[in-house]
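Enquirer: Contents of model-v2.tsv (TSV, C-alpha atoms) are given next:
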chain	number	residue	atom	x	y	z
A	1	MET	CA	0.00	0.00	0.00
A	2	GLU	CA	2.72	2.41	0.99
A	3	ALA	CA	4.66	1.61	-2.15
A	4	VAL	CA	1.65	2.52	-4.28
A	5	LEU	CA	1.13	5.76	-2.37
A	6	ASN	CA	4.80	6.63	-2.80
A	7	LEU	CA	4.56	5.90	-6.50
A	8	ILE	CA	1.57	8.24	-6.80
A	9	ILE	CA	3.29	11.03	-4.84
A	10	GLU	CA	6.45	10.71	-6.90
A	11	LYS	CA	4.89	10.46	-10.33
A	12	TYR	CA	1.47	12.13	-10.24
A	13	ASN	CA	2.71	15.24	-12.07
A	14	TYR	CA	3.76	13.18	-15.09
A	15	TRP	CA	0.39	11.46	-15.15
A	16	ILE	CA	-1.41	14.80	-15.20
A	17	TYR	CA	0.66	15.93	-18.20
A	18	ILE	CA	0.07	12.62	-19.96
A	19	THR	CA	-3.68	13.05	-19.43
A	20	LEU	CA	-3.54	16.57	-20.86
A	21	MET	CA	-1.41	15.41	-23.75
A	22	MET	CA	-3.81	12.59	-24.56
A	23	ILE	CA	-6.77	15.01	-24.50
A	24	GLY	CA	-4.90	17.11	-27.06
A	25	LEU	CA	-3.97	14.09	-29.16
A	26	TYR	CA	-7.56	12.82	-29.13
A	27	ALA	CA	-8.83	16.23	-30.24
A	28	MET	CA	-6.33	16.25	-33.09
A	29	ILE	CA	-7.31	12.75	-34.25
A	30	ALA	CA	-11.05	12.57	-33.68
A	31	LYS	CA	-12.47	16.08	-33.91
A	32	ASN	CA	-14.01	17.08	-37.18
A	33	ASN	CA	-13.67	20.83	-36.89
A	34	LEU	CA	-10.33	22.34	-37.88
A	35	VAL	CA	-10.36	24.97	-35.11
A	36	LYS	CA	-10.96	22.22	-32.54
A	37	LYS	CA	-7.98	20.36	-33.98
A	38	ILE	CA	-5.87	23.51	-33.55
A	39	VAL	CA	-7.08	23.87	-29.96
A	40	GLY	CA	-6.10	20.22	-29.40
A	41	MET	CA	-2.65	20.95	-30.78
A	42	ASN	CA	-2.31	23.83	-28.33
A	43	ILE	CA	-3.35	21.63	-25.40
A	44	PHE	CA	-0.70	19.13	-26.51
A	45	GLN	CA	1.93	21.88	-26.57
A	46	THR	CA	0.89	23.04	-23.11
A	47	ALA	CA	1.32	19.52	-21.77
A	48	VAL	CA	4.86	19.36	-23.18
A	49	ILE	CA	5.68	22.77	-21.70
A	50	LEU	CA	4.38	21.72	-18.27
A	51	PHE	CA	6.40	18.52	-18.45
A	52	TYR	CA	9.61	20.39	-19.21
A	53	VAL	CA	9.08	22.94	-16.45
A	54	SER	CA	8.35	20.20	-13.92
A	55	THR	CA	11.63	18.45	-14.71
A	56	GLY	CA	13.41	21.58	-13.49
A	57	VAL	CA	11.82	21.51	-10.04
A	58	LYS	CA	14.03	20.77	-7.04
A	59	LYS	CA	12.48	20.37	-3.62
A	60	GLY	CA	13.45	23.21	-1.28
A	61	ALA	CA	15.03	25.29	-4.03
A	62	THR	CA	14.15	28.80	-5.16
A	63	ILE	CA	13.93	30.59	-8.53
A	64	PRO	CA	17.18	30.60	-10.53
A	65	ILE	CA	18.20	34.16	-9.69
A	66	ILE	CA	21.46	34.12	-7.77
A	67	GLU	CA	21.25	36.05	-4.53
A	68	HIS	CA	22.88	39.38	-5.12
A	69	GLY	CA	23.07	42.86	-3.66
A	70	HIS	CA	25.45	45.25	-1.99
A	71	ASP	CA	25.39	43.67	1.44
A	72	VAL	CA	25.43	40.03	0.36
A	73	ALA	CA	28.95	38.71	0.67
A	74	HIS	CA	30.19	36.92	-2.41
A	75	GLN	CA	30.12	33.23	-1.63
A	76	ALA	CA	30.11	30.00	-3.58
A	77	VAL	CA	26.77	29.23	-5.22
A	78	ARG	CA	25.25	25.85	-4.38
A	79	ALA	CA	23.38	24.57	-7.39
A	80	ALA	CA	20.95	22.60	-5.20
A	81	ASP	CA	19.55	25.87	-3.82
A	82	TYR	CA	18.26	27.05	-7.19
A	83	ILE	CA	15.93	25.24	-9.58
A	84	ASN	CA	17.21	24.16	-12.95
A	85	PRO	CA	17.15	27.18	-15.33
A	86	LEU	CA	17.53	25.19	-18.52
A	87	PRO	CA	13.92	23.92	-18.97
A	88	HIS	CA	12.70	27.45	-18.24
A	89	VAL	CA	14.88	28.88	-21.00
A	90	LEU	CA	13.75	26.28	-23.51
A	91	MET	CA	10.06	26.69	-22.66
A	92	LEU	CA	10.25	30.49	-22.57
A	93	THR	CA	11.08	30.48	-26.25
A	94	ALA	CA	8.73	27.57	-26.98
A	95	ILE	CA	5.71	29.43	-25.54
A	96	VAL	CA	6.22	32.45	-27.77
A	97	VAL	CA	6.94	30.28	-30.79
A	98	SER	CA	3.78	28.25	-30.08
A	99	VAL	CA	1.74	31.47	-30.07
A	100	ALA	CA	3.29	32.45	-33.40
A	101	THR	CA	2.64	29.06	-34.98
A	102	LEU	CA	-0.91	29.16	-33.60
A	103	GLY	CA	-1.30	32.41	-35.53
A	104	VAL	CA	-0.15	30.71	-38.73
A	105	ALA	CA	-2.51	27.78	-38.12
A	106	LEU	CA	-5.46	30.12	-37.62
A	107	ALA	CA	-4.49	32.07	-40.75
A	108	ILE	CA	-4.57	28.84	-42.75
A	109	ALA	CA	-7.95	28.00	-41.18
A	110	ILE	CA	-9.28	31.38	-42.29
A	111	LYS	CA	-8.03	30.69	-45.80
A	112	VAL	CA	-9.69	27.26	-45.82
A	113	TYR	CA	-12.95	28.81	-44.63
A	114	HIS	CA	-12.80	31.36	-47.43
A	115	ARG	CA	-12.29	28.67	-50.01
A	116	TYR	CA	-14.85	26.08	-48.82
A	117	GLN	CA	-17.23	28.10	-46.59
A	118	THR	CA	-16.86	25.51	-43.85
A	119	LEU	CA	-14.34	24.28	-41.30
A	120	GLU	CA	-15.73	20.74	-40.97
A	121	GLU	CA	-13.20	18.29	-42.27
A	122	ASP	CA	-15.61	15.81	-43.90
A	123	GLU	CA	-17.47	18.55	-45.78
A	124	ILE	CA	-14.18	19.93	-47.09
A	125	LEU	CA	-13.10	16.47	-48.24
A	126	GLU	CA	-16.45	15.99	-49.96
A	127	GLN	CA	-16.05	19.26	-51.84
A	128	ILE	CA	-12.53	18.29	-52.88
A	129	ARG	CA	-13.74	14.92	-54.19
A	130	GLU	CA	-16.51	16.54	-56.21
A	131	LEU	CA	-14.03	18.70	-58.09
B	1	MET	CA	-12.70	7.44	-36.43
B	2	LYS	CA	-13.73	8.20	-32.84
B	3	THR	CA	-13.21	4.65	-31.56
B	4	LEU	CA	-9.97	4.31	-33.51
B	5	GLY	CA	-8.81	7.61	-32.00
B	6	LEU	CA	-9.73	6.44	-28.52
B	7	ILE	CA	-7.80	3.20	-29.02
B	8	ILE	CA	-4.70	5.02	-30.28
B	9	VAL	CA	-4.88	7.57	-27.47
B	10	GLY	CA	-5.34	4.83	-24.88
B	11	LEU	CA	-2.38	2.83	-26.17
B	12	VAL	CA	-0.07	5.86	-26.37
B	13	GLY	CA	-1.18	7.03	-22.93
B	14	ALA	CA	-0.62	3.61	-21.39
B	15	GLY	CA	2.84	3.46	-22.96
B	16	LEU	CA	3.74	6.87	-21.61
B	17	VAL	CA	2.45	6.05	-18.13
B	18	TYR	CA	4.51	2.86	-18.23
B	19	ALA	CA	7.57	4.93	-19.15
B	20	THR	CA	7.16	7.16	-16.09
B	21	ILE	CA	8.24	4.25	-13.85
B	22	ASP	CA	11.83	5.01	-14.84
B	23	PHE	CA	11.44	8.76	-14.36
B	24	PRO	CA	13.00	10.55	-11.39
B	25	PRO	CA	10.50	11.51	-8.65
B	26	PHE	CA	8.87	14.93	-8.81
B	27	GLY	CA	11.10	17.58	-7.25
B	28	ASP	CA	14.11	15.31	-6.91
B	29	PRO	CA	17.28	17.45	-6.67
B	30	LYS	CA	19.30	14.49	-7.95
B	31	SER	CA	17.31	14.05	-11.17
B	32	PRO	CA	19.53	13.60	-14.25
B	33	ALA	CA	18.29	16.82	-15.83
B	34	SER	CA	19.63	18.85	-12.89
B	35	LEU	CA	23.04	17.22	-12.63
B	36	HIS	CA	24.84	17.68	-15.91
B	37	VAL	CA	24.95	21.13	-17.40
B	38	SER	CA	22.68	23.33	-15.30
B	39	PRO	CA	24.85	23.40	-12.11
B	40	ARG	CA	27.62	24.95	-14.15
B	41	TYR	CA	25.28	27.66	-15.42
B	42	LEU	CA	24.10	28.42	-11.90
B	43	GLU	CA	27.57	28.46	-10.35
B	44	LYS	CA	29.32	30.49	-13.04
B	45	THR	CA	26.65	32.94	-14.23
B	46	VAL	CA	27.60	35.82	-11.89
B	47	GLU	CA	31.30	35.13	-12.31
B	48	GLU	CA	31.26	34.96	-16.10
B	49	THR	CA	28.46	37.27	-17.17
B	50	ALA	CA	27.60	39.48	-14.16
B	51	VAL	CA	23.93	38.51	-14.66
B	52	PRO	CA	22.35	37.03	-11.50
B	53	ASN	CA	19.30	35.75	-13.38
B	54	ALA	CA	20.51	32.41	-14.72
B	55	VAL	CA	17.58	32.17	-17.14
B	56	THR	CA	18.58	35.42	-18.84
B	57	SER	CA	22.25	34.55	-19.04
B	58	VAL	CA	21.53	31.10	-20.50
B	59	LEU	CA	19.00	32.58	-22.92
B	60	GLY	CA	21.17	35.44	-24.13
B	61	ASP	CA	24.68	34.13	-23.81
B	62	TYR	CA	25.25	30.42	-23.26
B	63	ARG	CA	22.49	29.41	-25.66
B	64	GLY	CA	22.41	32.51	-27.82
B	65	PHE	CA	22.17	30.61	-31.08
B	66	ASP	CA	19.01	28.85	-29.96
B	67	THR	CA	17.37	32.15	-29.01
B	68	MET	CA	18.48	33.83	-32.22
B	69	PHE	CA	16.86	31.21	-34.39
B	70	GLU	CA	13.73	31.15	-32.21
B	71	THR	CA	13.37	34.86	-32.97
B	72	THR	CA	13.84	34.04	-36.63
B	73	VAL	CA	11.07	31.43	-36.38
B	74	ILE	CA	8.75	34.04	-34.87
B	75	PHE	CA	9.61	36.45	-37.67
B	76	CYS	CA	8.93	33.73	-40.25
B	77	ALA	CA	5.54	33.05	-38.64
B	78	GLY	CA	4.68	36.73	-38.91
B	79	VAL	CA	5.66	36.78	-42.58
B	80	ALA	CA	3.65	33.61	-43.21
B	81	CYS	CA	0.51	35.15	-41.67
B	82	PHE	CA	1.04	38.27	-43.75
B	83	LEU	CA	1.50	36.36	-47.00
B	84	LEU	CA	-1.50	34.13	-46.32
B	85	LEU	CA	-4.00	36.78	-45.36
B	86	ARG	CA	-3.07	40.29	-46.44
B	87	ILE	CA	-5.32	41.71	-49.10
B	88	PRO	CA	-4.16	44.97	-50.65
B	89	ARG	CA	-6.63	47.76	-49.98
B	90	ARG	CA	-8.64	48.81	-52.96
B	91	ARG	CA	-9.84	52.35	-53.35
B	92	SER	CA	-13.32	52.02	-51.90
B	93	SER	CA	-15.88	53.90	-53.93
B	94	GLY	CA	-18.99	52.17	-52.58
B	95	PRO	CA	-21.15	53.35	-49.71
B	96	ARG	CA	-19.29	54.17	-46.52
B	97	GLN	CA	-20.40	54.41	-42.91
B	98	TYR	CA	-19.35	56.89	-40.29
B	99	ARG	CA	-20.20	57.06	-36.62
B	100	HIS	CA	-20.61	60.36	-34.85
B	101	ARG	CA	-18.33	60.03	-31.86
B	102	LEU	CA	-20.44	62.04	-29.44
B	103	THR	CA	-23.91	60.74	-30.13
B	104	GLY	CA	-23.04	57.24	-31.35
B	105	LEU	CA	-25.25	57.67	-34.43
B	106	THR	CA	-24.12	55.91	-37.56
B	107	PHE	CA	-24.40	57.64	-40.93
B	108	ARG	CA	-24.37	55.97	-44.27
B	109	ILE	CA	-22.81	57.95	-47.09
B	110	LYS	CA	-23.95	56.98	-50.56
B	111	GLU	CA	-21.54	56.44	-53.39
B	112	GLY	CA	-19.83	59.68	-54.29
B	113	GLY	CA	-21.26	61.45	-51.27
B	114	GLU	CA	-19.29	63.85	-49.07
B	115	ILE	CA	-19.38	64.82	-45.41
B	116	PHE	CA	-19.33	68.53	-44.81
B	117	LEU	CA	-19.20	68.42	-41.04
B	118	PRO	CA	-15.76	68.41	-39.35
B	119	LEU	CA	-14.36	64.92	-39.94
B	120	ARG	CA	-12.73	64.88	-36.54
B	121	GLU	CA	-16.08	64.13	-34.95
B	122	PHE	CA	-16.68	61.12	-37.17
B	123	GLU	CA	-14.92	57.81	-37.33
B	124	PRO	CA	-15.23	55.34	-40.19
B	125	VAL	CA	-16.93	52.06	-39.28
B	126	ASP	CA	-17.67	48.99	-41.37
B	127	SER	CA	-20.84	47.59	-39.84
B	128	ILE	CA	-24.00	49.36	-38.71
B	129	TRP	CA	-23.63	48.18	-35.13
B	130	THR	CA	-20.24	48.52	-33.52
B	131	PRO	CA	-19.72	48.07	-29.79
B	132	HIS	CA	-19.04	51.40	-28.21
B	133	ASP	CA	-18.52	51.15	-24.49
B	134	PHE	CA	-17.54	54.29	-22.66
B	135	ILE	CA	-16.20	52.63	-19.52
B	136	ILE	CA	-14.07	50.05	-21.33
B	137	GLU	CA	-12.61	52.68	-23.65
B	138	LYS	CA	-11.70	55.06	-20.84
B	139	VAL	CA	-10.28	52.39	-18.51
B	140	CYS	CA	-8.13	50.91	-21.26
B	141	ARG	CA	-7.02	54.37	-22.33
B	142	TYR	CA	-5.55	55.01	-18.88
B	143	LEU	CA	-4.29	51.45	-18.34
B	144	ILE	CA	-2.34	51.00	-21.58
B	145	PRO	CA	0.52	53.46	-20.83
B	146	PHE	CA	1.19	51.70	-17.54
B	147	ILE	CA	1.12	48.30	-19.22
B	148	GLN	CA	3.68	49.56	-21.72
B	149	LEU	CA	5.84	51.04	-18.98
B	150	PHE	CA	5.74	47.69	-17.19
B	151	GLY	CA	6.71	45.93	-20.43
B	152	LEU	CA	9.75	48.19	-20.81
B	153	TYR	CA	10.67	47.52	-17.17
B	154	VAL	CA	10.41	43.76	-17.72
B	155	ILE	CA	12.77	43.99	-20.70
B	156	ALA	CA	15.26	46.30	-19.01
B	157	HIS	CA	15.27	44.57	-15.63
B	158	GLY	CA	15.51	41.03	-16.94
B	159	HIS	CA	19.08	40.74	-15.64
B	160	HIS	CA	18.13	41.01	-11.99
B	161	SER	CA	14.53	39.85	-11.73
B	162	PRO	CA	12.22	37.52	-13.64
B	163	GLY	CA	11.80	38.97	-17.09
B	164	GLY	CA	13.53	39.52	-20.38
B	165	GLY	CA	12.92	40.19	-24.01
B	166	PHE	CA	10.29	37.56	-24.70
B	167	GLN	CA	8.09	38.41	-21.72
B	168	GLY	CA	8.45	42.17	-22.11
B	169	GLY	CA	7.85	41.98	-25.84
B	170	VAL	CA	4.66	39.99	-25.32
B	171	ILE	CA	3.45	42.54	-22.73
B	172	LEU	CA	4.13	45.42	-25.14
B	173	GLY	CA	2.37	43.56	-27.94
B	174	ALA	CA	-0.57	42.79	-25.68
B	175	SER	CA	-0.97	46.48	-24.84
B	176	ILE	CA	-1.45	47.30	-28.54
B	177	ILE	CA	-3.81	44.33	-28.93
B	178	LEU	CA	-5.78	45.59	-25.90
B	179	LEU	CA	-6.09	48.97	-27.63
B	180	SER	CA	-7.49	47.37	-30.75
B	181	VAL	CA	-9.87	45.15	-28.77
B	182	SER	CA	-11.18	47.95	-26.55
B	183	HIS	CA	-11.49	50.58	-29.29
B	184	ASN	CA	-11.14	49.11	-32.75
B	185	LEU	CA	-8.38	48.04	-35.05
B	186	ARG	CA	-8.26	51.40	-36.83
B	187	THR	CA	-7.33	53.15	-33.57
B	188	ALA	CA	-4.52	50.68	-33.02
B	189	LEU	CA	-3.39	51.11	-36.61
B	190	ASN	CA	-3.21	54.87	-36.09
B	191	ARG	CA	-0.96	54.30	-33.07
B	192	MET	CA	1.18	51.54	-34.57
B	193	GLY	CA	0.80	51.19	-38.29
B	194	GLU	CA	1.28	48.15	-40.42
B	195	LYS	CA	4.69	49.28	-41.63
B	196	ILE	CA	5.97	49.84	-38.09
B	197	SER	CA	4.86	46.45	-36.78
B	198	ALA	CA	6.17	44.76	-39.92
B	199	LEU	CA	9.48	46.58	-39.53
B	200	PHE	CA	9.86	45.83	-35.82
B	201	SER	CA	10.17	42.09	-36.23
B	202	PRO	CA	13.01	41.99	-38.81
B	203	VAL	CA	14.76	44.90	-37.06
B	204	GLY	CA	14.68	42.93	-33.81
B	205	VAL	CA	16.18	39.88	-35.49
B	206	PHE	CA	18.72	42.16	-37.14
B	207	ILE	CA	19.75	43.66	-33.79
B	208	PHE	CA	20.28	40.16	-32.40
B	209	ALA	CA	22.26	38.90	-35.38
B	210	GLY	CA	24.04	42.24	-35.72
B	211	THR	CA	25.29	42.06	-32.14
B	212	GLY	CA	26.67	38.63	-32.95
B	213	ALA	CA	28.23	39.83	-36.17
B	214	LEU	CA	29.77	42.80	-34.36
B	215	CYS	CA	31.58	40.36	-32.07
B	216	LEU	CA	32.79	38.56	-35.18
B	217	VAL	CA	34.07	41.83	-36.65
B	218	LEU	CA	35.91	42.64	-33.42
B	219	GLY	CA	37.88	39.43	-33.69
B	220	TYR	CA	35.96	37.08	-31.40
B	221	ARG	CA	33.49	34.31	-32.12
B	222	PHE	CA	29.87	34.92	-33.15
B	223	LEU	CA	27.77	36.07	-30.14
B	224	ASP	CA	30.85	36.13	-27.88
B	225	TYR	CA	29.92	39.36	-26.17
B	226	GLN	CA	33.23	39.96	-24.42
B	227	ALA	CA	34.34	41.44	-27.74
B	228	LEU	CA	32.09	44.40	-26.93
B	229	ALA	CA	34.52	45.41	-24.14
B	230	ALA	CA	36.34	47.39	-26.83
B	231	LEU	CA	33.25	49.57	-27.32
B	232	LEU	CA	31.55	49.61	-23.90
B	233	PRO	CA	32.89	50.50	-20.46
B	234	GLY	CA	33.29	47.96	-17.69
B	235	GLY	CA	35.61	45.23	-18.90
B	236	PRO	CA	34.87	41.91	-20.56
B	237	ILE	CA	32.46	40.56	-17.92
B	238	MET	CA	30.27	43.66	-17.90
B	239	ALA	CA	30.46	43.60	-21.69
B	240	ARG	CA	28.72	40.23	-21.62
B	241	SER	CA	25.99	41.72	-19.45
B	242	HIS	CA	25.56	44.65	-21.84
B	243	GLY	CA	25.60	42.32	-24.83
B	244	ILE	CA	22.76	40.31	-23.30
B	245	LEU	CA	20.79	43.53	-22.79
B	246	LEU	CA	21.28	44.48	-26.46
B	247	VAL	CA	20.09	41.07	-27.54
B	248	GLU	CA	17.09	41.20	-25.22
B	249	VAL	CA	16.06	44.53	-26.72
B	250	GLY	CA	16.22	42.90	-30.14
B	251	VAL	CA	14.12	39.96	-28.96
B	252	GLY	CA	11.59	42.30	-27.36
B	253	MET	CA	11.20	44.32	-30.56
B	254	ALA	CA	10.84	41.18	-32.69
B	255	VAL	CA	8.26	39.61	-30.38
B	256	MET	CA	6.23	42.81	-29.99
B	257	GLY	CA	6.18	43.54	-33.70
B	258	THR	CA	5.27	39.99	-34.66
B	259	MET	CA	2.50	39.61	-32.09
B	260	VAL	CA	0.84	42.85	-33.21
B	261	TRP	CA	1.39	42.00	-36.88
B	262	ILE	CA	-0.16	38.52	-36.58
B	263	PHE	CA	-3.09	39.90	-34.59
B	264	LYS	CA	-3.82	42.62	-37.15
B	265	ASN	CA	-3.81	40.13	-39.99
B	266	LEU	CA	-5.95	37.59	-38.15
B	267	ALA	CA	-8.44	40.00	-36.61
B	268	SER	CA	-9.32	41.76	-39.86
B	269	ARG	CA	-8.73	38.81	-42.20
B	270	GLY	CA	-6.00	40.84	-43.87
B	271	ARG	CA	-8.22	43.80	-44.74
B	272	TYR	CA	-7.05	46.12	-41.96
B	273	ASP	CA	-10.46	47.61	-41.30
B	274	GLU	CA	-12.15	47.87	-37.92
B	275	GLY	CA	-11.31	44.31	-36.99
B	276	LEU	CA	-13.13	42.20	-34.43
Reformat the file's structure so that it appears as structure tokens.
Expert:
Amino acid sequence: MEAVLNLIIEKYNYWIYITLMMIGLYAMIAKNNLVKKIVGMNIFQTAVILFYVSTGVKKGATIPIIEHGHDVAHQAVRAADYINPLPHVLMLTAIVVSVATLGVALAIAIKVYHRYQTLEEDEILEQIREL
Amino acid sequence: MKTLGLIIVGLVGAGLVYATIDFPPFGDPKSPASLHVSPRYLEKTVEETAVPNAVTSVLGDYRGFDTMFETTVIFCAGVACFLLLRIPRRRSSGPRQYRHRLTGLTFRIKEGGEIFLPLREFEPVDSIWTPHDFIIEKVCRYLIPFIQLFGLYVIAHGHHSPGGGFQGGVILGASIILLSVSHNLRTALNRMGEKISALFSPVGVFIFAGTGALCLVLGYRFLDYQALAALLPGGPIMARSHGILLVEVGVGMAVMGTMVWIFKNLASRGRYDEGL
């Protein structure tokens, strides 16, 4: 029993991200509407971002800004006192890039709507077949 | 399709959950990700770059190439939106609509018609009904300068507190987007035109790459900011700090310009009229 509880406490964050990621993946596969597919893609991206950020967490550590100031004596920095900055750097850029690519995806959706007057995938495919 | 999707999602999810057995526990200081390269960044950032915020120093200096090409990706996304959606404005000769600012009445001018009243009191609108909310307009009017000031602070103070070019650029872009949501897109276009937002993103990328190229010209490697010690006061370590600031300004400009540019294209479907 205790082993199971420990497993849950140690790993529950990953399971939450996997759940989110699977919601996004399901939306991308099964939804018929293109905008819903794009929303699913964004949920998927969010899950990946959360996963990365959570790998940087260290228990008992603080944000990765080294203590500084005029009255703080210069001493050796212990890496265990600060959380891992690397996932934050990678995800910082990934968030902004995901917003930009979301813009491109929506622009393409607008174009598709102009062309076919619908965003439902099956109706678009039908119109393509008729041509 | 739905059942097939469910089966695929279930299988992939089960596989991923199975993989987490080998993962380090949540919050483990001894996890592999925290042991290899990040302790060096944390221990040496003040010594080597004089930037206490490890995120900023890694973003601007240690992994400058990554950030530079991320900015390029953002710029490319802006260009892609522009190329997909932008429709060149035709000289409109059909009926036009104007709203009287004070009374909120909308006038329809027939083809070839003219307004003889002072045009200052009228604003062009595209639909008969446009939302016109006094409270929202006034509150946003007074809020936006402070949002922009905060954005500039976030860019400039990224060395010592959470912040930097990406965050500050997004805040600055959001302030312009707030203006166009609370008033309309034309108001935002009067404040920050299409040319300016389209120029900001390549200029930002150019500042980033130009800083790197300047280091190359001064005889060091690309993006090795200690070369800037020849031009800036403070020695090679402070030069790294200043170099990161230059780069962050470039990133902020690129992000701000691109966010506003993409929003303008999306909100008006490339027609640059009153928008949403």
Enquirer: Choose the residue, out of B:Glu111, B:Lys44, B:Thr49, B:Ile244, that has the smallest atom-to-atom separation from His157 of chain B; count all atoms listed in the file.
Expert: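 For His157 of chain B, the nearest of the given residues is B:Ile244.
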Enquirer: Using all atoms listed in the file, find each residue of chain A with at least one atom at most 8 Å away from an atom of chain B; report its shortest atom-to-atom pair and that distance in Å (one decimal), sort the rows by chain and rising residue number, and return the result as a tab-separated table.
Expert:
residue	atom	partner	partner_atom	distance
A:Ile9	CA	B:Phe26	CA	7.9
A:Glu10	CA	B:Pro25	CA	4.5
A:Lys11	CA	B:Pro25	CA	5.9
A:Asn13	CA	B:Phe26	CA	7.0
A:Tyr14	CA	B:Thr20	CA	7.0
A:Trp15	CA	B:Val17	CA	6.5
A:Ile18	CA	B:Gly13	CA	6.5
A:Thr19	CA	B:Gly13	CA	7.4
A:Met22	CA	B:Val9	CA	5.9
A:Leu25	CA	B:Val9	CA	6.8
A:Tyr26	CA	B:Gly5	CA	6.1
A:Ile29	CA	B:Gly5	CA	5.8
A:Ala30	CA	B:Lys2	CA	5.2
A:Ser54	CA	B:Phe26	CA	7.4
A:Thr55	CA	B:Ala33	CA	6.9
A:Gly56	CA	B:Ser34	CA	6.8
A:Val57	CA	B:Gly27	CA	4.9
A:Lys58	CA	B:Gly27	CA	4.3
A:Lys59	CA	B:Gly27	CA	4.8
A:Pro64	CA	B:Ala54	CA	5.6
A:Ile65	CA	B:Asn53	CA	4.2
A:Ile66	CA	B:Pro52	CA	4.8
A:Glu67	CA	B:Pro52	CA	7.1
A:His68	CA	B:Pro52	CA	6.8
A:Ala76	CA	B:Glu43	CA	7.4
A:Val77	CA	B:Glu43	CA	5.2
A:Arg78	CA	B:Glu43	CA	6.9
A:Ala79	CA	B:Pro39	CA	5.1
A:Ala80	CA	B:Pro29	CA	6.5
A:Tyr82	CA	B:Leu42	CA	7.6
A:Asn84	CA	B:Ser34	CA	5.8
A:Pro85	CA	B:Val55	CA	5.3
A:Leu86	CA	B:Ser38	CA	6.4
A:His88	CA	B:Val55	CA	6.9
A:Val89	CA	B:Val55	CA	5.7
A:Leu92	CA	B:Phe166	CA	7.4
A:Thr93	CA	B:Glu70	CA	6.6
A:Val96	CA	B:Phe166	CA	7.2
A:Val97	CA	B:Ile74	CA	5.8
A:Ala100	CA	B:Ala77	CA	5.7
A:Thr101	CA	B:Ala77	CA	6.1
A:Gly103	CA	B:Ile262	CA	6.3
A:Val104	CA	B:Cys81	CA	5.4
A:Leu106	CA	B:Leu266	CA	7.5
A:Ala107	CA	B:Cys81	CA	5.9
A:Ile108	CA	B:Leu84	CA	7.1
A:Ile110	CA	B:Arg269	CA	7.5
A:Lys111	CA	B:Leu85	CA	7.3
Enquirer: By how many Å are atom CA of Met21 of chain A and atom CA of Phe44 of chain A apart?
Expert: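 Value for the atom CA of Met21 of chain A-atom CA of Phe44 of chain A distance: 4.7 Å.
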Enquirer: Under the rule that all atoms listed in the file are counted, which of A:Leu102, A:Ile83, A:Val4, A:Val112 is the nearest residue to Gly40 of chain A?
Expert: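 For Gly40 of chain A, the nearest of the given residues is A:Leu102.
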Enquirer: Using all atoms listed in the file, which protein or nucleic acid residues come within 12 Å of Glu120 of chain A? Drop anything in the same chain fewer than 6 positions from it, and give the result as a ChimeraX atom specification.
Expert: /A:30-37,109,112-113,126-127
Enquirer: Write the residues you've just listed into a file as an mmCIF file, in the frame of the given file, and include C-alpha atoms for each of them.
Expert:
data_model
loop_
_atom_site.group_PDB
_atom_site.id
_atom_site.type_symbol
_atom_site.label_atom_id
_atom_site.label_comp_id
_atom_site.auth_asym_id
_atom_site.auth_seq_id
_atom_site.Cartn_x
_atom_site.Cartn_y
_atom_site.Cartn_z
ATOM 1 C CA ALA A 30 -11.050 12.570 -33.680
ATOM 2 C CA LYS A 31 -12.470 16.080 -33.910
ATOM 3 C CA ASN A 32 -14.010 17.080 -37.180
ATOM 4 C CA ASN A 33 -13.670 20.830 -36.890
ATOM 5 C CA LEU A 34 -10.330 22.340 -37.880
ATOM 6 C CA VAL A 35 -10.360 24.970 -35.110
ATOM 7 C CA LYS A 36 -10.960 22.220 -32.540
ATOM 8 C CA LYS A 37 -7.980 20.360 -33.980
ATOM 9 C CA ALA A 109 -7.950 28.000 -41.180
ATOM 10 C CA VAL A 112 -9.690 27.260 -45.820
ATOM 11 C CA TYR A 113 -12.950 28.810 -44.630
ATOM 12 C CA GLU A 126 -16.450 15.990 -49.960
ATOM 13 C CA GLN A 127 -16.050 19.260 -51.840
#
Enquirer: Taking only residues of segment 71-112 of chain B that have an atom at most 12 Å from an atom of segment 129-151 of chain B, what is each one's shortest atom pair and its distance in Å to one decimal, using only C-alpha atoms, in chain and number order, as a Markdown table?
Expert:
| residue | atom | partner | partner_atom | distance |
| --- | --- | --- | --- | --- |
| B:Gln97 | CA | B:Trp129 | CA | 10.5 |
| B:Tyr98 | CA | B:Thr130 | CA | 10.8 |
| B:Arg99 | CA | B:Thr130 | CA | 9.1 |
| B:His100 | CA | B:His132 | CA | 11.3 |
| B:Arg101 | CA | B:His132 | CA | 9.4 |
| B:Leu102 | CA | B:Phe134 | CA | 10.7 |
| B:Thr103 | CA | B:His132 | CA | 10.7 |
| B:Gly104 | CA | B:His132 | CA | 7.7 |
| B:Leu105 | CA | B:Trp129 | CA | 9.7 |
| B:Thr106 | CA | B:Trp129 | CA | 8.1 |
| B:Phe107 | CA | B:Trp129 | CA | 11.1 |
Enquirer: With a distance cut-off of 7 Å and all atoms listed in the file, select the neighbouring residues of Gly204 of chain B, excluding the residue or stretch itself and same-chain residues fewer than 6 positions from it, and output the selection as a ChimeraX atom specification.
Expert: /B:250-251,253-254
Enquirer: Limited to C-alpha atoms, could you put the picked residues into a file as a PDB file, keeping the file's coordinate frame?
Expert:
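result_22.pdb was written with the following content:
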ATOM      1  CA  GLY B 250      16.220  42.900 -30.140  1.00  0.00           C
ATOM      2  CA  VAL B 251      14.120  39.960 -28.960  1.00  0.00           C
ATOM      3  CA  MET B 253      11.200  44.320 -30.560  1.00  0.00           C
ATOM      4  CA  ALA B 254      10.840  41.180 -32.690  1.00  0.00           C
TER       5      ALA B 254
END
